[in-house]
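**Student:** First the structure, then my questions, so here it is.
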Amino acid sequence: MELVCPAGSLPALKAAVDNGADAVYIGFKDDTNARHFSGLNFNDRKAQKALDYARDRGAKIFVAINTYAQPKGWARWQRAVDLAAELSVDAVIIADLGLLNYAAQRYPQLPLHLSVQGSCTSAEGLKFYHSELGIRRAVLPRVLSLDQVKMVAEQSPVDLEVFGFGSLCIMAEGRCHLSSYVTDQSPNNSGVCSPAKDVRWTQTEEHLESRLNNVVIDRYQAEETAGYPTLCKGRFAVEETIFHALEEPVSLNTLDLIPDLYAAGIKAIKLEGRQRSPAYVAQVVSVWRSALDSFANNPEKFSSKAEWMQRLAKVSEGSQTTLGAYHRPWQ
Amino acid sequence: MKISVGPIYYYWPKQKVLDFYQQIIQTPVDVIYLGETVCAKRRELRSGDWLELAQELCDSGKQIVLSTLTLIESRADIATLKKLCAQSPCLVEANDMSAVQILTDNNLPFVAGPAINIYNAQTLQLLYKKGMQRWVMPVEINRENLAEIMQGAVEMGFGNNIETEVFSYGKLPLAYSARCFTARTKNLAKDGCKLSCILYPDGLALYSQSVYNKSVYNKSDYNKSGCSQGPQLFTLNGIQTQSGQCYNLLDQWPLMHKIGVDIMRISPETEGTVNVINQLSNYFSGEPIDSPLTLIAEEQCNGYWYGMPGMDAVTG
C-alpha cells in the first residue's frame with residue numbers, strides 16, 4: 001500500500017520524503033486547498049523545489065485543490081489546476097465537480113483523485129466520477145466501518161485511499177457547515193475549519209476558556225489539556241449534562257488495521273496533517289513506514305509494536321487514539 | 001415564486017407523518033418533498049410506505065418529489081435507493097452522488113438536493129447535462145454568490161432551463177456523521193440506539209456552556225446580557241446536526257424573485273409549518289402581514305444569506 005503523507009512547507013516535505021513517504025500531498029498558497037492557513041503551503045517556485053526534491057528520491061507529489069470553486073474565484077481554481085499540470089505533478093486531488101470536469105477536459109493525461117471533501121461513500125457514486133470525469137483514485141470519508149469499506153472496495157471502479165492517522169473529522173467531509181455557521185468560513189467555502197482569526201482564549205480564576213467567534217467551545221480545569229477549539233470537539237450542554245456531545249478530542253490511528261485494509265484491496269493510506277510541523281510529520285511518517293514495511297515483509301505475523309503506538313500517542317490530539325468509524329461499536 | 005415543503009428531517013410516528021401531509025395539501029404550497037433523508041434505520045415508514053404516500057399525494061394537485069438518503073453507508077442503503085429511484089411515481093431529489101448515478105443510469109431527471117455540493121455554474125452545467133432539472137442551493141452560499149452562479153448559468157446557455165430553490169425557513173441541515181448524537185446523549189451505541197430520536201420530534205437542543213449556565217441559574221441575567229447569538233447553538237437530530245436557531249429568509253423573497261430564484265423551501269417542524277406557508281403565500285399576494293422575522297416566537301437567524309456567520313441575525 002502506498003503511504004501518502006502531508007506537507008504544508010518545504011521542511012515538512014523533506015521530512016516526509018526522508019522518512020519514507022511514497023507520495024506527498026501539498027497545496028498552493030491560497031483558498032484552493034482545504035488547509036488554507038497563513039504561513040502554510042507552496043507558491044509555484046516552492047512547488048517546483050518540492051517536486052525536484054521528491055522526484056530525486058523516488059517519491060510522488062500530489063496537489064490538493066480540494067475546496068469548492070467559488071463563483072467569483074473560478075479563474076483562481078482553474079489556474080491552480082493549470083499550474084499543477086504545468087509542473088506535471090503525479091496527481092491532483094479535487095472535490096469540485098465543475099473543476100474535475102475542467103481538469104479532465106483540459107488535461108486528459110493529468111491523473112485525477114477524488115478528494116475526501118467530495119464525500120463519496122459508495123461504489124455507485126464512484127462510478128459517476130469514474131465514467132464522467134475519469135478519476136483514477138478516490139479518498140474515502142472517515143465515516144465508514146471496515147466492513148463498509150470492504151464493500152465499497154469490492155465494487156469500486158477506481159483505486160481507493162483511506163485515512164490512516166491524524167485529526168479525526170467525525171462529520172462526513174464536504175458535508176459539514178458547522179464552522180461557517182459559527183464563523184463565516186468552512187472547509188467548503190474557504191478551505192478552513194474553525195478559523196484561527198475567530199479563536200479567543202481567556203484565563204479566569206476558575207478555568208481556561210476557549211471561544212470561537214464568541215461562542216464558548218470549552219472550559220478547562222487546571223489539570224486538563226486544552227485543545228484547539230474545533231466545533232465538533234467542544235463540550236456542550238445537552239439535557240442538563242455538559243460533555244463532549246459530538247466527539248472527544250482524539251486522533252484516528254488505524255495501524256492495527258493494516259492487514260484488513262490490505263485484504264480489502266485498499267491501495268493507499270493517507271496521513272492527515274498539512275498544518276503540522278516537520279517534526280510531527282517525520283515522527284508519524286517514520287512509524288507508518290516501519291509498520292508498512294514490517295507488514296510487507298511478513299504479512300502473517302504482523303502486529304503493531306508498542307513502541308510505534310507510544311510514538312504516535314505522543315503526537316496525538318488529547319494523547320488518545322481511536323479506530324474511528326472503522327471500528328463499528330464506536331458509532 | 002413557488003413555495004415548497006422540504007422533507008421531514010425528524011423521526012415522527014407514521015400517523016403523525018400521514019396527518020402532516022393531509023394538512024399540507026390543504027395549504028397553498030406548490031411542491032412537496034417527502035422521504036427519509038437522515039437515517040436508514042428509521043422504520044416508521046419504510047421505502048414501500050414512502051412510495052405509496054407519494055403515489056397517493058400525486059392526485060393532490062401539488063408537485064410531489066421523493067427525497068433520498070443523504071449519507072450512504074451500506075449496500076442495504078444502495079438497494080433502497082435503487083428501489084426508490086426505479087419505482088418512484090414522481091421526480092426524485094438526489095441527496096448524494098450515488099443517487100445521481102443511479103438516476104442518470106436510468107435516464108431519469110432529478111432534483112439536486114442541498115447536500116449536493118454545487119458551488120459554481122460549471123458544476124451546475126455538468127449536472128444539468130446529466131438530467132438535473134432543479135437544484136437546491138447549499139445552505140451556506142450567500143446571495144451574491146447565488147446571483148453570480150445563476151448569472152453564469154444563463155451566460156452558459158442553460159440557466160433558463162433549470163429551477164433554483166433556496167432553503168428559506170427552518171432549522172438548517174448543517175452536517176451529517178456516521179455517529180448518532182442522539183444515541184450518544186442517551187449513552188447508547190448507534191447499533192442499539194433504540195431509535196431514540198423518535199423522542200425528539202423537533203430535535204434535541206445543544207447549548208454552549210456559558211449560555212446554558214446562565215439560562216438555568218440566572219435567566220434574567222442572560223436576557224439582560226443581550227447576547228445576539230441566541231441560547232441554542234445546534235440541534236441534534238440523530239446523525240444530522242442542525243442549526244440551533246431557525247433560519248428565516250422569508251422577507252428576502254423580492255430579492256430572490258429579482259435574481260431568478262423559483263422556489264422557496266420551508267422545512268417541517270411539529271408546530272407552525274402550515275402557518276408559515278400561509279403567511280408567505282399572503283406575502284406574495286401583497287396582503288399586509290406582521291414582520292416576517294416575528295412569524296413565530298423563536299430565535300432566528302439569516303447570516304449565511306448576507307455572507308456572515310450563519311447564526312447571525314442581520315436586520316434591514
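Letters A, B, ... mark the chains of the C-alpha cells in the order given; residue numbers begin at 1 per chain; ligand numbers begin at 1, in order shown.
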When you look at range 112-115 of chain B with a cut-off of 6 Å (counting only C-alpha atoms), what residues show up, excluding the ones that are within fewer than 5 positions of it in the same chain? I need them as a VMD selection string.

**Tutor:** chain B and resid 93 to 95 135 to 138

**Student:** Output the contact residues of chain B with respect to chain A at a cut-off of 8 Å, based on only C-alpha atoms, as number ranges by chain.

**Tutor:** B: 71-75, 96-102, 115, 117-126, 140, 145, 148-149, 174-181, 184-185, 189-191, 204-210, 212, 243, 304, 307-311

**Student:** If I take CA of Phe62 in chain A and CA of Leu127 in chain B, how far is one from the other in Å, to one decimal?

**Tutor:**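 Straight-line distance from CA of Phe62 in chain A to CA of Leu127 in chain B works out to 26.9 Å.
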
**Student:** Find the spatial neighbours of Arg134 in chain B, counting only C-alpha atoms, within a cut-off of 9 Å - ignore same-chain residues fewer than 4 positions away - and output them as a PyMOL selection string.

**Tutor:** chain B and resi 93+110-113+128+161-165

**Student:** For the residues in that selection, give me C-alpha atoms as a CSV table (one decimal), in the first residue's frame.

**Tutor:**
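Final output, out.csv:
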chain,number,residue,atom,x,y,z
B,93,GLU,CA,-34.4,14.5,-5.2
B,110,PHE,CA,-33.7,14.7,-10.9
B,111,VAL,CA,-33.5,17.5,-8.4
B,112,ALA,CA,-30.1,18.1,-6.8
B,113,GLY,CA,-30.8,18.4,-3.0
B,128,TYR,CA,-27.8,19.8,-16.0
B,161,ASN,CA,-33.8,25.6,-18.4
B,162,ILE,CA,-33.4,24.8,-14.7
B,163,GLU,CA,-35.1,25.8,-11.5
B,164,THR,CA,-33.4,27.2,-8.4
B,165,GLU,CA,-34.7,26.5,-4.9

**Student:** Would you mind listing what lies within 12 Å of Asp59 in chain B as number ranges by chain, with only C-alpha atoms counted and same-chain residues fewer than 6 positions away left out?

**Tutor:** B: 25, 53, 89-90

**Student:** Do a neighbour search on Ser277 in chain A at 7 Å with only C-alpha atoms, toss out local chain neighbours closer than 3 positions, and write the hits as a VMD selection string.

**Tutor:** chain A and resid 12 280 to 281

**Student:** Quick one: pick out all strand (DSSP E) residues within range 144-327 of chain A from a backbone DSSP run and write them as a ChimeraX atom specification.

**Tutor:** /A:159-167,171-176,199-203,208-212,215-220,236-238,241-243,251-253,268-271,321-322

**Student:** Run DSSP on the backbone and give me the residues of range 11-220 of chain B it puts in alpha helix (DSSP H), as a PyMOL selection string.

**Tutor:** chain B and resi 14-24+47-57+75-87+97-105+121-129+143-155+181-185+209-217+219-220

**Student:** Find the residues around Pro109 in chain B up to 8 Å (only C-alpha atoms counted), leave out those fewer than 2 positions away in its own chain, and share them as a list in words.

**Tutor:** Leu91, Val92, Leu103, Thr104, Asn107, Val111, Lys130, Gly131, Met132 and Gln133 of chain B

**Student:** Just the residues within 6 Å of Val24 in chain A, please, counting only C-alpha atoms, with nothing from its chain fewer than 6 positions along; format it as number ranges by chain.

**Tutor:** A: 4-6, 61

**Student:** Write a file of the selected residues as an mmCIF file, in the first residue's frame, keeping N, CA and C atoms.

**Tutor:**
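result_23.cif was written with the following content:
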data_model
loop_
_atom_site.group_PDB
_atom_site.id
_atom_site.type_symbol
_atom_site.label_atom_id
_atom_site.label_comp_id
_atom_site.auth_asym_id
_atom_site.auth_seq_id
_atom_site.Cartn_x
_atom_site.Cartn_y
_atom_site.Cartn_z
ATOM 1 N N VAL A 4 0.795 7.901 1.700
ATOM 2 C CA VAL A 4 0.596 9.270 1.212
ATOM 3 C C VAL A 4 0.665 10.232 2.400
ATOM 4 N N CYS A 5 1.634 11.151 2.356
ATOM 5 C CA CYS A 5 1.947 11.943 3.547
ATOM 6 C C CYS A 5 1.736 13.444 3.320
ATOM 7 N N PRO A 6 1.439 14.154 4.414
ATOM 8 C CA PRO A 6 1.124 15.577 4.284
ATOM 9 C C PRO A 6 2.362 16.470 4.361
ATOM 10 N N ILE A 61 4.469 13.485 -6.049
ATOM 11 C CA ILE A 61 3.817 14.680 -5.494
ATOM 12 C C ILE A 61 2.382 14.753 -6.004
#

**Student:** Suppose you want the space between CA of Ala279 in chain A and CA of Asp198 in chain A; what is it in Å?

**Tutor:**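 According to the coordinates, CA of Ala279 in chain A and CA of Asp198 in chain A are separated by 26.8 Å.
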